[in-house]
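Chemist: Have a peek at start.txt (compact mmCIF, C-alpha atoms).
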# COMPACT_ATOMS: atom_id res chain seq x y z
CA MET T 1 89.84 -69.19 -6.02
CA GLY T 2 86.26 -69.89 -4.87
CA ASN T 3 84.77 -68.35 -8.00
CA ASP T 4 81.77 -70.14 -9.44
CA ALA T 5 81.87 -68.07 -12.65
CA SER T 6 81.26 -69.56 -16.04
CA GLY T 7 84.34 -68.66 -18.08
CA GLU T 8 85.19 -68.21 -21.71
CA ARG T 9 88.56 -67.55 -23.27
CA ALA T 10 87.50 -64.88 -25.76
CA LEU T 11 90.54 -62.61 -25.68
CA VAL T 12 89.81 -59.39 -27.49
CA PRO T 13 92.73 -56.96 -27.84
CA SER T 14 90.37 -54.15 -28.93
CA GLY T 15 88.44 -54.70 -25.67
CA LEU T 16 91.70 -54.26 -23.77
CA LYS T 17 92.53 -51.07 -25.64
CA GLY T 18 89.60 -49.19 -24.10
CA LEU T 19 90.77 -49.85 -20.54
CA PRO T 20 92.71 -47.12 -18.70
CA TRP T 21 95.17 -49.78 -17.48
CA PHE T 22 96.37 -50.41 -21.00
CA ALA T 23 95.89 -46.92 -22.41
CA GLY T 24 99.63 -46.37 -22.92
CA CYS T 25 100.26 -49.73 -24.60
CA THR T 26 101.21 -50.41 -28.20
CA ASP T 27 99.12 -52.83 -30.26
CA ALA T 28 101.94 -55.38 -30.06
CA GLN T 29 101.88 -55.13 -26.27
CA LEU T 30 98.09 -55.53 -26.24
CA VAL T 31 98.31 -58.76 -28.21
CA GLU T 32 100.85 -60.08 -25.71
CA LEU T 33 98.74 -58.86 -22.78
CA ALA T 34 95.67 -60.67 -24.13
CA SER T 35 97.59 -63.94 -23.71
CA LEU T 36 98.35 -63.09 -20.05
CA CYS T 37 94.80 -62.25 -19.02
CA GLU T 38 91.92 -64.61 -18.53
CA HIS T 39 88.64 -63.16 -19.77
CA LEU T 40 85.66 -64.24 -17.64
CA ALA T 41 81.90 -63.73 -17.60
CA ILE T 42 80.47 -63.60 -14.05
CA ASP T 43 76.78 -63.73 -13.11
CA ALA T 44 75.06 -60.98 -11.14
CA GLY T 45 75.14 -61.76 -7.42
CA GLU T 46 78.38 -63.80 -7.52
CA VAL T 47 80.94 -63.08 -4.80
CA ILE T 48 84.27 -62.55 -6.54
CA LEU T 49 86.49 -61.74 -3.56
CA ARG T 50 85.77 -62.64 0.04
CA GLU T 51 87.04 -60.57 2.97
CA GLY T 52 89.51 -62.58 5.04
CA ARG T 53 90.21 -65.20 2.36
CA LEU T 54 93.57 -65.47 0.65
CA GLY T 55 93.59 -64.53 -3.02
CA ARG T 56 96.28 -63.55 -5.50
CA GLU T 57 94.35 -62.44 -8.59
CA LEU T 58 93.89 -58.93 -9.91
CA PHE T 59 90.57 -58.15 -11.65
CA ILE T 60 89.93 -55.46 -14.24
CA ILE T 61 86.29 -54.74 -15.10
CA VAL T 62 85.57 -54.65 -18.83
CA ASP T 63 81.82 -54.28 -18.39
CA GLY T 64 79.38 -54.37 -15.47
CA GLU T 65 79.34 -53.20 -11.87
CA VAL T 66 80.50 -54.50 -8.47
CA THR T 67 80.07 -53.38 -4.88
CA VAL T 68 82.99 -53.42 -2.46
CA THR T 69 81.98 -54.09 1.15
CA ARG T 70 83.88 -54.25 4.43
CA ARG T 71 82.12 -55.97 7.31
CA GLY T 72 78.81 -55.54 5.57
CA THR T 73 79.19 -51.83 4.77
CA VAL T 74 79.43 -50.74 1.15
CA VAL T 75 82.66 -48.75 0.80
CA ASN T 76 82.81 -48.46 -2.99
CA VAL T 77 81.07 -49.19 -6.27
CA LEU T 78 83.25 -50.04 -9.29
CA GLY T 79 82.50 -50.11 -13.00
CA PRO T 80 84.12 -50.51 -16.42
CA GLY T 81 87.85 -49.69 -16.41
CA ASP T 82 88.12 -50.02 -12.60
CA TYR T 83 90.17 -52.71 -10.92
CA PHE T 84 90.37 -54.58 -7.62
CA GLY T 85 92.42 -57.32 -5.97
CA GLU T 86 95.74 -55.64 -6.73
CA LEU T 87 97.00 -55.78 -3.12
CA GLY T 88 96.74 -59.58 -3.18
CA ALA T 89 98.51 -59.72 -6.55
CA ILE T 90 101.42 -57.71 -5.10
CA GLU T 91 101.73 -59.74 -1.90
CA ALA T 92 99.80 -62.71 -0.50
CA ALA T 93 97.49 -61.61 2.33
CA PRO T 94 93.83 -62.03 3.31
CA ARG T 95 91.53 -59.96 1.15
CA ASN T 96 90.52 -56.79 3.02
CA ALA T 97 87.11 -56.44 1.36
CA THR T 98 84.34 -58.50 -0.22
CA VAL T 99 83.58 -57.76 -3.88
CA THR T 100 80.22 -58.81 -5.32
CA ALA T 101 78.92 -58.50 -8.88
CA THR T 102 75.76 -56.40 -8.85
CA THR T 103 75.20 -56.91 -12.59
CA ALA T 104 76.40 -59.51 -15.07
CA LEU T 105 80.12 -58.88 -15.27
CA ASP T 106 82.82 -59.09 -17.92
CA VAL T 107 86.28 -59.15 -16.25
CA LEU T 108 89.93 -59.73 -16.99
CA VAL T 109 91.62 -61.92 -14.36
CA ILE T 110 95.38 -61.66 -13.92
CA GLY T 111 97.28 -64.16 -11.76
CA PRO T 112 100.37 -63.23 -9.70
CA ARG T 113 102.93 -64.47 -12.27
CA GLU T 114 101.17 -62.65 -15.06
CA PHE T 115 100.87 -59.61 -12.79
CA ASP T 116 104.65 -59.61 -12.43
CA ALA T 117 104.97 -59.71 -16.22
CA ILE T 118 102.64 -56.77 -16.80
CA MET T 119 104.37 -54.75 -14.08
CA SER T 120 107.48 -54.79 -16.24
CA VAL T 121 105.59 -52.69 -18.82
CA PRO T 122 106.24 -49.05 -17.78
CA ALA T 123 102.89 -47.67 -19.03
CA ILE T 124 100.92 -50.23 -17.00
CA ARG T 125 103.16 -50.06 -13.95
CA ASN T 126 102.90 -46.27 -13.82
CA THR T 127 99.09 -46.42 -14.04
CA LEU T 128 98.98 -48.68 -10.98
CA LEU T 129 101.65 -46.76 -9.05
CA ARG T 130 99.89 -43.44 -9.65
CA GLY T 131 96.54 -44.95 -8.63
CA MET T 132 98.00 -46.42 -5.44
CA SER T 133 99.86 -43.23 -4.51
CA ARG T 134 96.67 -41.21 -5.00
CA ARG T 135 94.74 -43.62 -2.73
CA ILE T 136 97.45 -43.46 -0.06
CA ARG T 137 97.25 -39.65 -0.08
CA GLU T 138 93.43 -39.78 0.14
CA ALA T 139 93.54 -42.28 3.00
CA ASP T 140 96.12 -40.17 4.88
CA ALA T 141 93.98 -37.06 4.37
CA ARG T 142 90.87 -38.82 5.69
CA LEU T 143 92.77 -40.19 8.67
CA SER T 144 94.23 -36.83 9.67
CA ALA T 145 90.91 -35.04 9.12
CA GLY T 146 89.03 -37.40 11.44
CA ASP T 147 91.87 -37.96 13.85
CA THR T 148 90.99 -36.63 17.32
CA ALA T 149 92.97 -39.13 19.38
CA PRO T 150 95.51 -37.65 21.81
CA ALA T 151 99.16 -37.62 20.69
CA GLY T 152 100.92 -40.89 21.61
CA MET Z 1 126.34 -30.60 7.01
CA VAL Z 2 126.30 -32.55 3.77
CA SER Z 3 129.05 -34.20 1.72
CA THR Z 4 129.11 -36.47 -1.33
CA LEU Z 5 130.94 -39.80 -1.77
CA GLY Z 6 132.36 -41.63 -4.77
CA ARG Z 7 130.37 -43.90 -7.05
CA GLN Z 8 132.29 -47.17 -6.65
CA ALA Z 9 132.02 -47.05 -2.89
CA THR Z 10 128.30 -46.43 -3.39
CA ILE Z 11 127.84 -49.52 -5.58
CA ASP Z 12 129.36 -51.74 -2.88
CA ARG Z 13 127.13 -50.10 -0.29
CA LEU Z 14 123.97 -50.45 -2.40
CA LYS Z 15 124.23 -54.21 -2.67
CA ALA Z 16 123.79 -54.46 1.09
CA VAL Z 17 120.43 -52.72 0.98
CA GLU Z 18 117.28 -54.93 0.91
CA PRO Z 19 115.44 -53.55 -2.15
CA LEU Z 20 118.61 -53.77 -4.26
CA ARG Z 21 120.05 -57.04 -2.96
CA ASP Z 22 119.21 -59.07 -6.06
CA CYS Z 23 120.36 -56.44 -8.53
CA THR Z 24 123.05 -57.17 -11.08
CA ASN Z 25 126.18 -55.02 -11.06
CA ALA Z 26 124.94 -53.30 -14.20
CA GLN Z 27 121.68 -52.42 -12.42
CA LEU Z 28 123.57 -51.18 -9.36
CA GLU Z 29 125.71 -48.99 -11.59
CA GLU Z 30 122.49 -47.65 -13.07
CA VAL Z 31 121.11 -46.87 -9.59
CA ALA Z 32 124.39 -45.14 -8.67
CA ARG Z 33 124.21 -43.13 -11.89
CA LEU Z 34 120.59 -42.11 -11.23
CA SER Z 35 121.06 -41.11 -7.61
CA GLU Z 36 123.05 -38.80 -5.43
CA ARG Z 37 124.53 -40.18 -2.22
CA ILE Z 38 124.76 -37.74 0.68
CA GLN Z 39 125.58 -37.67 4.39
CA VAL Z 40 123.03 -35.93 6.58
CA GLY Z 41 123.49 -34.89 10.19
CA GLU Z 42 121.26 -35.87 13.09
CA GLY Z 43 118.32 -33.48 13.46
CA GLU Z 44 118.25 -32.41 9.80
CA VAL Z 45 114.82 -32.32 8.17
CA LEU Z 46 114.72 -34.20 4.85
CA ALA Z 47 111.05 -33.63 4.00
CA ARG Z 48 108.57 -31.15 5.42
CA GLU Z 49 104.84 -31.85 5.75
CA GLY Z 50 102.82 -29.58 3.49
CA ARG Z 51 105.80 -28.39 1.47
CA ILE Z 52 106.39 -29.38 -2.15
CA GLY Z 53 109.20 -31.91 -2.61
CA ARG Z 54 109.89 -34.27 -5.50
CA GLU Z 55 112.80 -36.41 -4.32
CA PHE Z 56 112.75 -40.02 -3.27
CA PHE Z 57 115.10 -41.12 -0.45
CA LEU Z 58 116.59 -44.55 0.20
CA ILE Z 59 118.33 -44.96 3.57
CA LEU Z 60 121.71 -46.70 3.43
CA SER Z 61 122.44 -46.27 7.14
CA GLY Z 62 120.90 -44.43 10.08
CA THR Z 63 117.30 -43.90 11.13
CA VAL Z 64 114.64 -41.26 10.55
CA ALA Z 65 111.43 -40.27 12.30
CA VAL Z 66 108.30 -39.82 10.19
CA THR Z 67 105.81 -37.44 11.77
CA GLN Z 68 102.39 -36.13 10.82
CA LYS Z 69 101.08 -33.10 12.74
CA ARG Z 70 103.96 -33.62 15.14
CA ARG Z 71 102.87 -37.17 15.96
CA ARG Z 72 105.37 -39.94 15.21
CA VAL Z 73 103.74 -42.28 12.71
CA ASN Z 74 106.79 -44.32 11.70
CA THR Z 75 110.51 -44.89 12.14
CA LEU Z 76 112.59 -45.96 9.13
CA GLY Z 77 116.03 -47.53 8.95
CA PRO Z 78 118.55 -48.96 6.49
CA GLY Z 79 117.00 -50.37 3.32
CA GLU Z 80 113.79 -48.46 3.89
CA PHE Z 81 112.67 -45.50 1.82
CA PHE Z 82 110.34 -42.53 1.71
CA GLY Z 83 109.21 -39.77 -0.62
CA GLU Z 84 107.89 -42.11 -3.30
CA LEU Z 85 104.41 -40.54 -3.39
CA ALA Z 86 105.75 -37.12 -4.31
CA ALA Z 87 108.25 -38.63 -6.75
CA MET Z 88 105.37 -40.28 -8.63
CA ASN Z 89 102.71 -37.58 -8.25
CA PRO Z 90 103.63 -33.93 -7.63
CA GLY Z 91 102.10 -32.68 -4.43
CA PRO Z 92 102.88 -31.52 -0.91
CA ARG Z 93 104.71 -33.94 1.37
CA ASN Z 94 102.25 -35.73 3.64
CA ALA Z 95 104.76 -36.13 6.47
CA THR Z 96 107.84 -34.55 7.98
CA VAL Z 97 110.95 -36.74 7.97
CA THR Z 98 113.76 -35.94 10.41
CA ALA Z 99 117.12 -37.67 10.87
CA LEU Z 100 117.30 -39.38 14.28
CA SER Z 101 120.98 -40.15 13.74
CA ASP Z 102 123.63 -39.26 11.20
CA LEU Z 103 122.40 -40.63 7.87
CA ASP Z 104 123.91 -42.11 4.73
CA VAL Z 105 121.16 -41.66 2.14
CA LEU Z 106 120.49 -41.89 -1.61
CA ILE Z 107 118.45 -39.09 -3.15
CA ILE Z 108 116.66 -39.74 -6.43
CA GLY Z 109 114.82 -37.09 -8.45
CA PRO Z 110 111.40 -37.74 -10.05
CA ARG Z 111 112.73 -38.42 -13.58
CA GLU Z 112 115.38 -40.78 -12.28
CA PHE Z 113 112.81 -42.40 -10.00
CA ALA Z 114 110.82 -43.52 -13.06
CA ALA Z 115 113.97 -45.18 -14.40
CA MET Z 116 114.61 -46.83 -11.00
CA ALA Z 117 111.14 -48.39 -11.13
CA GLU Z 118 112.38 -50.40 -14.15
CA ILE Z 119 114.65 -52.39 -11.86
CA PRO Z 120 112.63 -55.47 -10.78
CA GLY Z 121 113.96 -55.73 -7.21
CA PHE Z 122 113.32 -52.08 -6.55
CA ARG Z 123 109.93 -52.14 -8.28
CA ASP Z 124 108.77 -55.09 -6.14
CA ALA Z 125 109.93 -53.40 -2.94
CA LEU Z 126 108.09 -50.23 -3.95
CA LEU Z 127 104.84 -52.07 -4.80
CA LYS Z 128 104.94 -54.07 -1.55
CA SER Z 129 105.64 -50.97 0.53
CA MET Z 130 102.70 -49.15 -1.03
CA ALA Z 131 100.39 -52.16 -0.71
CA ARG Z 132 101.27 -52.38 3.00
CA ARG Z 133 100.60 -48.67 3.46
CA LEU Z 134 97.18 -49.08 1.87
CA ARG Z 135 96.36 -52.08 4.05
CA THR Z 136 97.43 -50.20 7.18
CA ALA Z 137 95.46 -47.08 6.16
CA ASP Z 138 92.35 -49.20 5.49
CA ALA Z 139 92.71 -50.90 8.88
CA ARG Z 140 93.17 -47.56 10.66
CA LEU Z 141 90.13 -46.06 8.90
CA ALA Z 142 88.02 -49.08 9.85
CA ALA Z 143 89.19 -48.78 13.47
CA ALA Z 144 88.43 -45.04 13.50
CA LEU Z 145 84.92 -45.69 12.16
CA ASP Z 146 84.39 -48.41 14.79
CA GLU Z 147 85.49 -45.95 17.45
CA GLN Z 148 83.06 -43.31 16.17
CA ASP Z 149 80.20 -45.83 16.13
CA ALA Z 150 81.06 -46.99 19.67
CA GLY Z 151 81.20 -43.36 20.83
CA ALA Z 152 77.81 -42.63 19.30
CA ARG Z 153 76.33 -45.71 20.98
CA ARG Z 154 77.78 -44.67 24.34
CA ARG Z 155 76.26 -41.19 23.97
CA ASP Z 156 72.90 -42.69 23.04
CA ASP Z 157 73.05 -45.01 26.06
CA ALA Z 158 73.91 -42.09 28.34
CA ASN Z 159 71.04 -39.95 27.05
CA PRO Z 160 67.96 -42.11 26.72
CA ARG Z 161 65.07 -40.34 25.06
So, in terms of structure tokens, how does the structure I just supplied come out?
Modeler:
Amino acid sequence: MGNDASGERALVPSGLKGLPWFAGCTDAQLVELASLCEHLAIDAGEVILREGRLGRELFIIVDGEVTVTRRGTVVNVLGPGDYFGELGAIEAAPRNATVTATTALDVLVIGPREFDAIMSVPAIRNTLLRGMSRRIREADARLSAGDTAPAG
Amino acid sequence: MVSTLGRQATIDRLKAVEPLRDCTNAQLEEVARLSERIQVGEGEVLAREGRIGREFFLILSGTVAVTQKRRRVNTLGPGEFFGELAAMNPGPRNATVTALSDLDVLIIGPREFAAMAEIPGFRDALLKSMARRLRTADARLAAALDEQDAGARRRDDANPR
């Protein structure tokens, strides 16, 4: 994974409960989810995802902040409750952005097999699907707004 | 010109389609129960850019053109689908979809779509399709920004201060 983070397996269901990803889950589901997620502490300045490298993990930020950069340009800043890496969890491919911790970070890490398991929970699946569909709409809107190329 | 076909024939037909290939017969029966199978003639418009629509479409046979502002952005064929954004999140269609040939297609309403997403094979196909769309959109945006930067540099070079 290329992650030099110091890790600790302190799985806290109540910590999960505050996250939008798991907002629709029952307490029983949260307990089960805690066993599927790895809970990691990452130092400020650590590179979590590297553009162009293969990676399959999904990350959900419990606390802290990251910057998302593409070819050196900051394209997004993410904080508690936000997630990244989901495209790689869905299908193996080179990461399309670099994600760096700008503060000390508390994250949940979900591997591809565990990702498959949580996708079978409707509440969680729908959160991701809605998020992805919103981003597709936004990307399409930006593309058609800036699109001045001649019709092909 | 639209007609409907029987459910058993549909179940046999569904198994041939990529996202449903690994489904059990019980799951296929569920899909058949949740969907409506229709025949659509060449030239018919199934979704109109800017108009509200909530249905999801899965192509069993035939091909469609996907256009945005009258530019072709994609062509879809058997086993491929469209309309999932509006099925998940109400909103205007972001593309027009027109039948390029006669079509055999499954239509699924938004409530039934949520139930379809329970089926693992279908859910995986949906997630992968959306992930690929996001990757493509990101790549296109990056290319558009590169093009803008290159254009700005060319203008600067042409007009030295």
Chemist: How close does each residue of chain Z get to chain T, giving the shortest atom pair and distance in Å to one decimal for every residue with an atom at most 10 Å away, counting all atoms listed in the file, sorted by chain and residue number, as CSV?
Modeler:
residue,atom,partner,partner_atom,distance
Z:Gln68,CA,T:Ser144,CA,8.3
Z:Lys69,CA,T:Ser144,CA,8.4
Z:Arg70,CA,T:Ala151,CA,8.4
Z:Arg71,CA,T:Ala151,CA,6.0
Z:Arg72,CA,T:Gly152,CA,7.9
Z:Val73,CA,T:Gly152,CA,9.4
Z:Glu84,CA,T:Ser133,CA,8.2
Z:Leu85,CA,T:Ser133,CA,5.4
Z:Ala86,CA,T:Ser133,CA,8.5
Z:Ala87,CA,T:Ser133,CA,9.8
Z:Met88,CA,T:Arg130,CA,6.4
Z:Asn89,CA,T:Arg130,CA,6.7
Z:Gly91,CA,T:Arg137,CA,9.5
Z:Pro92,CA,T:Arg137,CA,9.9
Z:Arg93,CA,T:Arg137,CA,9.5
Z:Asn94,CA,T:Arg137,CA,7.4
Z:Ala95,CA,T:Asp140,CA,9.7
Z:Ala114,CA,T:Asn126,CA,8.4
Z:Ala115,CA,T:Pro122,CA,9.3
Z:Ala117,CA,T:Pro122,CA,8.3
Z:Glu118,CA,T:Ser120,CA,6.9
Z:Ile119,CA,T:Ser120,CA,8.7
Z:Pro120,CA,T:Ser120,CA,7.5
Z:Arg123,CA,T:Met119,CA,8.4
Z:Asp124,CA,T:Ile90,CA,7.9
Z:Ala125,CA,T:Ile90,CA,9.8
Z:Leu126,CA,T:Leu129,CA,8.9
Z:Leu127,CA,T:Ile90,CA,6.6
Z:Lys128,CA,T:Ile90,CA,6.2
Z:Ser129,CA,T:Ile90,CA,9.7
Z:Met130,CA,T:Met132,CA,7.0
Z:Ala131,CA,T:Leu87,CA,5.5
Z:Arg132,CA,T:Leu87,CA,8.2
Z:Arg133,CA,T:Ile136,CA,7.0
Z:Leu134,CA,T:Ile136,CA,5.9
Z:Arg135,CA,T:Asn96,CA,7.6
Z:Thr136,CA,T:Ala139,CA,9.8
Z:Ala137,CA,T:Ala139,CA,6.1
Z:Asp138,CA,T:Ala139,CA,7.5
Z:Ala139,CA,T:Asn96,CA,8.6
Z:Arg140,CA,T:Leu143,CA,7.6
Z:Leu141,CA,T:Leu143,CA,6.4
Z:Ala142,CA,T:Arg70,CA,8.6
Z:Ala144,CA,T:Asp147,CA,7.9
Z:Leu145,CA,T:Gly146,CA,9.3
Z:Gln148,CA,T:Gly146,CA,9.6
Chemist: If the box runs along x, y and z of the file and leaves 8 Å on each side of stretch 144-152 of chain Z, what are its centre and edge lengths in Å, one decimal, as JSON?
Modeler:
{"center_x": 83.1, "center_y": -45.5, "center_z": 16.5, "size_x": 26.6, "size_y": 21.8, "size_z": 24.7}
Chemist: If we count all atoms listed in the file, what is near T:Gln29 at a cut-off of 12 Å, once residues fewer than 3 positions away on the same chain are taken out, given as a ChimeraX atom specification?
Modeler: /T:13-14,16-17,22-26,32-36,117-118,120-124
Chemist: So what do you get for atom CA of Z:Thr98 versus atom CA of Z:Ala143, distance-wise?
Modeler: 27.9 Å
Chemist: Residues near stretch 53-65 of chain T, anyone? I mean within 8 Å using all atoms listed in the file, not counting same-chain ones fewer than 3 positions away, as a PyMOL selection string.
Modeler: chain T and resi 1+15-16+19+49-50+77-86+88-95+101-112+115
Chemist: In Å, rounded to a single decimal, give me how far atom CA of Z:Thr24 is from atom CA of Z:Phe57.
Modeler: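 We find that atom CA of Z:Phe57 and atom CA of Z:Thr24 lie 20.8 Å from each other.
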Chemist: Under the rule that only C-alpha atoms are counted, which of Z:Gly41, Z:Gly62, Z:Gly77, Z:Pro19 is the nearest residue to Z:Gly121?
Modeler: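 For Z:Gly121, the nearest of the given residues is Z:Pro19.
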Chemist: Mind completing stretch 66-93 of chain T with N, CA and C atoms? Output as a PDB file, in the frame of the given file, please?
Modeler:
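Below is the file out_16.pdb, written as the result:
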ATOM      1  N   VAL T  66      80.341 -53.723  -9.709  1.00  0.00           N
ATOM      2  CA  VAL T  66      80.500 -54.500  -8.470  1.00  0.00           C
ATOM      3  C   VAL T  66      80.358 -53.564  -7.277  1.00  0.00           C
ATOM      4  N   THR T  67      79.979 -54.145  -6.128  1.00  0.00           N
ATOM      5  CA  THR T  67      80.070 -53.380  -4.880  1.00  0.00           C
ATOM      6  C   THR T  67      81.205 -53.960  -4.050  1.00  0.00           C
ATOM      7  N   VAL T  68      81.894 -53.055  -3.349  1.00  0.00           N
ATOM      8  CA  VAL T  68      82.990 -53.420  -2.460  1.00  0.00           C
ATOM      9  C   VAL T  68      82.484 -53.189  -1.041  1.00  0.00           C
ATOM     10  N   THR T  69      82.498 -54.232  -0.212  1.00  0.00           N
ATOM     11  CA  THR T  69      81.980 -54.090   1.150  1.00  0.00           C
ATOM     12  C   THR T  69      83.011 -54.531   2.170  1.00  0.00           C
ATOM     13  N   ARG T  70      83.034 -53.842   3.299  1.00  0.00           N
ATOM     14  CA  ARG T  70      83.880 -54.250   4.430  1.00  0.00           C
ATOM     15  C   ARG T  70      82.965 -54.432   5.625  1.00  0.00           C
ATOM     16  N   ARG T  71      82.966 -55.606   6.180  1.00  0.00           N
ATOM     17  CA  ARG T  71      82.120 -55.970   7.310  1.00  0.00           C
ATOM     18  C   ARG T  71      80.679 -55.517   7.075  1.00  0.00           C
ATOM     19  N   GLY T  72      80.205 -55.788   5.887  1.00  0.00           N
ATOM     20  CA  GLY T  72      78.810 -55.540   5.570  1.00  0.00           C
ATOM     21  C   GLY T  72      78.509 -54.138   5.073  1.00  0.00           C
ATOM     22  N   THR T  73      79.456 -53.210   5.205  1.00  0.00           N
ATOM     23  CA  THR T  73      79.190 -51.830   4.770  1.00  0.00           C
ATOM     24  C   THR T  73      79.762 -51.609   3.383  1.00  0.00           C
ATOM     25  N   VAL T  74      78.946 -51.037   2.492  1.00  0.00           N
ATOM     26  CA  VAL T  74      79.430 -50.740   1.150  1.00  0.00           C
ATOM     27  C   VAL T  74      80.421 -49.577   1.229  1.00  0.00           C
ATOM     28  N   VAL T  75      81.649 -49.811   0.766  1.00  0.00           N
ATOM     29  CA  VAL T  75      82.660 -48.750   0.800  1.00  0.00           C
ATOM     30  C   VAL T  75      82.962 -48.204  -0.582  1.00  0.00           C
ATOM     31  N   ASN T  76      82.543 -48.942  -1.636  1.00  0.00           N
ATOM     32  CA  ASN T  76      82.810 -48.460  -2.990  1.00  0.00           C
ATOM     33  C   ASN T  76      81.956 -49.211  -4.007  1.00  0.00           C
ATOM     34  N   VAL T  77      81.742 -48.563  -5.135  1.00  0.00           N
ATOM     35  CA  VAL T  77      81.070 -49.190  -6.270  1.00  0.00           C
ATOM     36  C   VAL T  77      81.999 -49.012  -7.463  1.00  0.00           C
ATOM     37  N   LEU T  78      82.303 -50.107  -8.177  1.00  0.00           N
ATOM     38  CA  LEU T  78      83.250 -50.040  -9.290  1.00  0.00           C
ATOM     39  C   LEU T  78      82.579 -50.432 -10.585  1.00  0.00           C
ATOM     40  N   GLY T  79      83.060 -49.831 -11.693  1.00  0.00           N
ATOM     41  CA  GLY T  79      82.500 -50.110 -13.000  1.00  0.00           C
ATOM     42  C   GLY T  79      83.567 -50.312 -14.053  1.00  0.00           C
ATOM     43  N   PRO T  80      83.184 -50.215 -15.325  1.00  0.00           N
ATOM     44  CA  PRO T  80      84.120 -50.510 -16.420  1.00  0.00           C
ATOM     45  C   PRO T  80      85.408 -49.691 -16.312  1.00  0.00           C
ATOM     46  N   GLY T  81      86.550 -50.342 -16.499  1.00  0.00           N
ATOM     47  CA  GLY T  81      87.850 -49.690 -16.410  1.00  0.00           C
ATOM     48  C   GLY T  81      88.445 -49.746 -15.013  1.00  0.00           C
ATOM     49  N   ASP T  82      87.609 -49.948 -13.987  1.00  0.00           N
ATOM     50  CA  ASP T  82      88.120 -50.020 -12.600  1.00  0.00           C
ATOM     51  C   ASP T  82      88.739 -51.384 -12.341  1.00  0.00           C
ATOM     52  N   TYR T  83      89.507 -51.453 -11.253  1.00  0.00           N
ATOM     53  CA  TYR T  83      90.170 -52.710 -10.920  1.00  0.00           C
ATOM     54  C   TYR T  83      90.096 -52.971  -9.426  1.00  0.00           C
ATOM     55  N   PHE T  84      90.326 -54.218  -9.042  1.00  0.00           N
ATOM     56  CA  PHE T  84      90.370 -54.580  -7.620  1.00  0.00           C
ATOM     57  C   PHE T  84      91.187 -55.856  -7.475  1.00  0.00           C
ATOM     58  N   GLY T  85      91.630 -56.118  -6.244  1.00  0.00           N
ATOM     59  CA  GLY T  85      92.420 -57.320  -5.970  1.00  0.00           C
ATOM     60  C   GLY T  85      93.911 -57.112  -6.118  1.00  0.00           C
ATOM     61  N   GLU T  86      94.323 -55.863  -6.418  1.00  0.00           N
ATOM     62  CA  GLU T  86      95.740 -55.640  -6.730  1.00  0.00           C
ATOM     63  C   GLU T  86      96.644 -55.854  -5.524  1.00  0.00           C
ATOM     64  N   LEU T  87      96.145 -55.604  -4.299  1.00  0.00           N
ATOM     65  CA  LEU T  87      97.000 -55.780  -3.120  1.00  0.00           C
ATOM     66  C   LEU T  87      97.395 -57.253  -2.980  1.00  0.00           C
ATOM     67  N   GLY T  88      96.451 -58.150  -3.250  1.00  0.00           N
ATOM     68  CA  GLY T  88      96.740 -59.580  -3.180  1.00  0.00           C
ATOM     69  C   GLY T  88      97.676 -60.035  -4.291  1.00  0.00           C
ATOM     70  N   ALA T  89      97.603 -59.380  -5.447  1.00  0.00           N
ATOM     71  CA  ALA T  89      98.510 -59.720  -6.550  1.00  0.00           C
ATOM     72  C   ALA T  89      99.936 -59.305  -6.207  1.00  0.00           C
ATOM     73  N   ILE T  90     100.086 -58.209  -5.472  1.00  0.00           N
ATOM     74  CA  ILE T  90     101.420 -57.710  -5.100  1.00  0.00           C
ATOM     75  C   ILE T  90     102.028 -58.589  -4.019  1.00  0.00           C
ATOM     76  N   GLU T  91     101.203 -58.970  -3.024  1.00  0.00           N
ATOM     77  CA  GLU T  91     101.730 -59.740  -1.900  1.00  0.00           C
ATOM     78  C   GLU T  91     100.605 -60.561  -1.296  1.00  0.00           C
ATOM     79  N   ALA T  92     100.838 -61.840  -1.044  1.00  0.00           N
ATOM     80  CA  ALA T  92      99.800 -62.710  -0.500  1.00  0.00           C
ATOM     81  C   ALA T  92      99.359 -62.200   0.875  1.00  0.00           C
ATOM     82  N   ALA T  93      98.052 -62.051   1.047  1.00  0.00           N
ATOM     83  CA  ALA T  93      97.490 -61.610   2.330  1.00  0.00           C
ATOM     84  C   ALA T  93      95.981 -61.816   2.242  1.00  0.00           C
TER      85      ALA T  93
END
